[in-house]
Every structure is written in structure tokens, then in C-alpha cells.
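Since the structure comes first, as C-alpha cells, the remarks are kept for the end.
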Amino acid sequence: MRAGGSTCPFLAALNYTQAVIFKQVGEGRPYPDHARTTREWAEVPPRPVRLDQLITTKAVLDLRLLLDKDSTFYGDLFPHVIQWRGELYLEDGLHRALGAALHQRTVLHARVLDLDAADQAAPSRRRSGLAAD
């Protein structure tokens with residue numbers, strides 16, 4: 001019997017016995033809309049994020065974006081990550097994250113918007129009368 005409890009090598013490979021690139025491959029954005037503009041994203045300082053902690057919001061990637069040398073020419077150099085309910089969602093920059101993985105890197109510098117902190121701050125603003133009505 002092979003690793004993973006299967007005699008079939010293909011089925012044994014489906015049991016993740018080795019490290020994976022992302023924590024999960026998702027499709028869609030499960031978190032609430034944050035309505036951030038490009039300018040507002042630029043105010044979020046980049047920080048290191050482990051690739052294996054990220055959940056993608058796209059399951060499909062255009063390889064032309066991944067292989068294009070000018071792929072970051074018009075966009076933000078740092079991927080956008082949303083922290084929500086204790087999870088990290090890769091909102092923008094899947095091609096950069098995969099490029100880092102192809103270069104054997106396990107960490108990526110990304111702009112992380114913490115919606116958990118915003119949710120915790122909202123009740124205190126309401127209690128103090130600072131919330132906009």
C-alpha cells in the first residue's frame with residue numbers, strides 16, 4: 001500500500017502528503033464589499049504573507065498574465081489580500097503569487113486589508129457616537 005492509503009499512484013497523489021501552494025483554491029469573494037479605490041489600497045502598507053495561508057478568489061488564471069514581463073506595469077506591485085473571519089483571501093494578484101511560487105518562494109509581500117479589525121472598530125465607533133448616520 002502506498003502513501004495516502006491507496007494502491008493506485010494517481011489516487012495516492014490526490015491526498016496532499018506534501019506542501020501545497022495555497023491553503024485553498026476558491027471561486028468568488030465570500031467577504032463583504034470593501035469599496036476600496038486604487039488610491040486607498042496604496043495607503044495600506046505591504047507586509048509579508050505566507051502563500052500557504054492564502055485562499056484564492058479566482059480558480060482560473062490566464063497564463064499570458066503570468067508570463068507577461070509587463071504584468072505589473074499598470075497595476076499595483078503588491079497583491080491585495082483581504083483578512084476576514086480569520087482567513088486571508090487573495091483578491092488581486094494571483095499571477096504574482098503563482099510567479100513567487102514558481103521561483104520557490106513561500107512568502108509574498110502584499111497589501112492586507114483587515115476587515116476583522118474594521119468590524120471590531122465599528123461597534124466602538126457607534127457607542128462613542130462617531131459612526132456616520
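Residue numbering restarts at 1 in every chain; chains get A, B, ... in the order shown in the C-alpha cells, and ligands count up from 1 in that same order.
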Problem - Non-local contacts of Gly86 of chain A (10 Å; only C-alpha atoms; under 3 positions in same chain excluded) as a ChimeraX atom specification - result: /A:82-83,89,114-116
Would you mind exporting N, CA and C atoms of the selected residues as a short mmCIF file (atom, residue, chain, number, x, y, z; two decimals), in the first residue's frame?
```cif
data_model
loop_
_atom_site.label_atom_id
_atom_site.label_comp_id
_atom_site.auth_asym_id
_atom_site.auth_seq_id
_atom_site.Cartn_x
_atom_site.Cartn_y
_atom_site.Cartn_z
N ILE A 82 -7.44 40.26 1.54
CA ILE A 82 -8.47 40.64 2.49
C ILE A 82 -8.42 39.67 3.67
N GLN A 83 -8.30 40.21 4.87
CA GLN A 83 -8.39 39.37 6.06
C GLN A 83 -9.82 39.49 6.58
N TYR A 89 -7.76 36.14 2.11
CA TYR A 89 -8.26 35.93 0.75
C TYR A 89 -7.44 36.76 -0.23
N ASP A 114 -7.57 44.51 6.63
CA ASP A 114 -8.10 43.72 7.74
C ASP A 114 -9.56 44.11 8.00
N LEU A 115 -10.50 43.36 7.42
CA LEU A 115 -11.91 43.63 7.66
C LEU A 115 -12.33 43.18 9.06
N ASP A 116 -11.60 42.25 9.65
CA ASP A 116 -11.88 41.84 11.03
C ASP A 116 -11.69 43.02 11.98
#
```
Handout entry: For segment 49-63 of chain A: contacts at 7 Å, only C-alpha atoms, fewer than 3 positions along chain excluded, given as a PyMOL selection string
Key = chain A and resi 20-29+66-67+88-91+106-110
What would the file look like if the residues just selected were written as a PDB file, in the first residue's frame with N, CA and C atoms?
```
ATOM      1  N   VAL A  20       1.371  22.314  -0.246  1.00  0.00           N
ATOM      2  CA  VAL A  20       0.626  22.872  -1.365  1.00  0.00           C
ATOM      3  C   VAL A  20       0.935  24.358  -1.456  1.00  0.00           C
ATOM      4  N   ILE A  21       0.617  24.967  -2.592  1.00  0.00           N
ATOM      5  CA  ILE A  21       0.933  26.382  -2.773  1.00  0.00           C
ATOM      6  C   ILE A  21       0.001  27.255  -1.938  1.00  0.00           C
ATOM      7  N   PHE A  22      -1.310  27.052  -2.068  1.00  0.00           N
ATOM      8  CA  PHE A  22      -2.294  27.864  -1.360  1.00  0.00           C
ATOM      9  C   PHE A  22      -3.044  27.016  -0.342  1.00  0.00           C
ATOM     10  N   LYS A  23      -3.619  27.679   0.638  1.00  0.00           N
ATOM     11  CA  LYS A  23      -4.428  26.971   1.627  1.00  0.00           C
ATOM     12  C   LYS A  23      -5.656  26.370   0.964  1.00  0.00           C
ATOM     13  N   GLN A  24      -6.243  27.146   0.054  1.00  0.00           N
ATOM     14  CA  GLN A  24      -7.448  26.686  -0.638  1.00  0.00           C
ATOM     15  C   GLN A  24      -7.601  27.461  -1.934  1.00  0.00           C
ATOM     16  N   VAL A  25      -8.138  26.812  -2.947  1.00  0.00           N
ATOM     17  CA  VAL A  25      -8.465  27.488  -4.197  1.00  0.00           C
ATOM     18  C   VAL A  25      -9.969  27.739  -4.175  1.00  0.00           C
ATOM     19  N   GLY A  26     -10.322  29.004  -4.084  1.00  0.00           N
ATOM     20  CA  GLY A  26     -11.725  29.379  -4.036  1.00  0.00           C
ATOM     21  C   GLY A  26     -12.168  30.032  -5.325  1.00  0.00           C
ATOM     22  N   GLU A  27     -13.456  30.298  -5.414  1.00  0.00           N
ATOM     23  CA  GLU A  27     -14.023  30.986  -6.570  1.00  0.00           C
ATOM     24  C   GLU A  27     -15.037  31.987  -6.037  1.00  0.00           C
ATOM     25  N   GLY A  28     -14.759  33.262  -6.204  1.00  0.00           N
ATOM     26  CA  GLY A  28     -15.646  34.302  -5.707  1.00  0.00           C
ATOM     27  C   GLY A  28     -15.143  34.887  -4.403  1.00  0.00           C
ATOM     28  N   ARG A  29     -15.777  35.971  -4.023  1.00  0.00           N
ATOM     29  CA  ARG A  29     -15.370  36.716  -2.820  1.00  0.00           C
ATOM     30  C   ARG A  29     -16.426  36.513  -1.726  1.00  0.00           C
ATOM     31  N   LEU A  66       0.524  35.631 -16.354  1.00  0.00           N
ATOM     32  CA  LEU A  66       1.597  35.083 -15.533  1.00  0.00           C
ATOM     33  C   LEU A  66       2.954  35.266 -16.201  1.00  0.00           C
ATOM     34  N   LEU A  67       3.006  35.059 -17.506  1.00  0.00           N
ATOM     35  CA  LEU A  67       4.277  35.074 -18.221  1.00  0.00           C
ATOM     36  C   LEU A  67       4.650  36.436 -18.788  1.00  0.00           C
ATOM     37  N   LEU A  88      -7.275  34.629   5.126  1.00  0.00           N
ATOM     38  CA  LEU A  88      -6.653  35.573   4.201  1.00  0.00           C
ATOM     39  C   LEU A  88      -7.069  35.224   2.776  1.00  0.00           C
ATOM     40  N   TYR A  89      -7.764  36.139   2.113  1.00  0.00           N
ATOM     41  CA  TYR A  89      -8.262  35.929   0.754  1.00  0.00           C
ATOM     42  C   TYR A  89      -7.444  36.761  -0.229  1.00  0.00           C
ATOM     43  N   LEU A  90      -6.896  36.102  -1.225  1.00  0.00           N
ATOM     44  CA  LEU A  90      -6.127  36.778  -2.270  1.00  0.00           C
ATOM     45  C   LEU A  90      -7.106  37.357  -3.282  1.00  0.00           C
ATOM     46  N   GLU A  91      -7.359  38.661  -3.171  1.00  0.00           N
ATOM     47  CA  GLU A  91      -8.350  39.316  -4.026  1.00  0.00           C
ATOM     48  C   GLU A  91      -7.779  39.671  -5.398  1.00  0.00           C
ATOM     49  N   THR A 106       8.052  31.082  -0.595  1.00  0.00           N
ATOM     50  CA  THR A 106       6.872  30.713   0.194  1.00  0.00           C
ATOM     51  C   THR A 106       6.180  31.925   0.799  1.00  0.00           C
ATOM     52  N   VAL A 107       6.827  33.086   0.681  1.00  0.00           N
ATOM     53  CA  VAL A 107       6.287  34.318   1.248  1.00  0.00           C
ATOM     54  C   VAL A 107       6.172  35.367   0.147  1.00  0.00           C
ATOM     55  N   LEU A 108       5.134  36.166   0.249  1.00  0.00           N
ATOM     56  CA  LEU A 108       4.849  37.206  -0.726  1.00  0.00           C
ATOM     57  C   LEU A 108       4.540  38.489   0.050  1.00  0.00           C
ATOM     58  N   HIS A 109       5.025  39.622  -0.423  1.00  0.00           N
ATOM     59  CA  HIS A 109       4.654  40.898   0.191  1.00  0.00           C
ATOM     60  C   HIS A 109       3.352  41.364  -0.454  1.00  0.00           C
ATOM     61  N   ALA A 110       2.358  41.633   0.378  1.00  0.00           N
ATOM     62  CA  ALA A 110       1.031  42.008  -0.117  1.00  0.00           C
ATOM     63  C   ALA A 110       0.441  43.098   0.767  1.00  0.00           C
TER      64      ALA A 110
END
```
Using DSSP on the backbone coordinates, identify the residues of segment 23-117 of chain A assigned to strand (DSSP E or B); present them as a PDB file with C-alpha atoms, in the first residue's frame.
```pdb
ATOM      1  CA  GLN A  24      -7.448  26.686  -0.638  1.00  0.00           C
ATOM      2  CA  VAL A  25      -8.465  27.488  -4.197  1.00  0.00           C
ATOM      3  CA  PRO A  46       2.615  45.870   2.328  1.00  0.00           C
ATOM      4  CA  ARG A  47       3.568  43.069   4.695  1.00  0.00           C
ATOM      5  CA  PRO A  48       4.831  39.506   4.240  1.00  0.00           C
ATOM      6  CA  VAL A  49       2.170  36.811   3.833  1.00  0.00           C
ATOM      7  CA  ARG A  50       2.778  33.071   3.532  1.00  0.00           C
ATOM      8  CA  LEU A  54      -3.940  32.338   1.263  1.00  0.00           C
ATOM      9  CA  ILE A  55      -7.327  31.366  -0.146  1.00  0.00           C
ATOM     10  CA  THR A  56      -7.691  32.418  -3.763  1.00  0.00           C
ATOM     11  CA  HIS A  80      -4.310  42.707  -2.492  1.00  0.00           C
ATOM     12  CA  VAL A  81      -5.337  40.419   0.362  1.00  0.00           C
ATOM     13  CA  ILE A  82      -8.474  40.640   2.490  1.00  0.00           C
ATOM     14  CA  GLN A  83      -8.392  39.375   6.062  1.00  0.00           C
ATOM     15  CA  TRP A  84     -11.913  38.330   7.046  1.00  0.00           C
ATOM     16  CA  GLU A  87      -8.819  33.880   6.846  1.00  0.00           C
ATOM     17  CA  LEU A  88      -6.653  35.573   4.201  1.00  0.00           C
ATOM     18  CA  TYR A  89      -8.262  35.929   0.754  1.00  0.00           C
ATOM     19  CA  LEU A  90      -6.127  36.778  -2.270  1.00  0.00           C
ATOM     20  CA  GLU A  91      -8.350  39.316  -4.026  1.00  0.00           C
ATOM     21  CA  ASP A  92      -5.943  40.592  -6.665  1.00  0.00           C
ATOM     22  CA  VAL A 107       6.287  34.318   1.248  1.00  0.00           C
ATOM     23  CA  LEU A 108       4.849  37.206  -0.726  1.00  0.00           C
ATOM     24  CA  HIS A 109       4.654  40.898   0.191  1.00  0.00           C
ATOM     25  CA  ALA A 110       1.031  42.008  -0.117  1.00  0.00           C
ATOM     26  CA  ARG A 111      -1.263  44.806   0.978  1.00  0.00           C
ATOM     27  CA  VAL A 112      -3.574  43.267   3.613  1.00  0.00           C
ATOM     28  CA  LEU A 113      -6.900  44.953   4.340  1.00  0.00           C
ATOM     29  CA  ASP A 114      -8.104  43.725   7.736  1.00  0.00           C
TER      30      ASP A 114
END
```
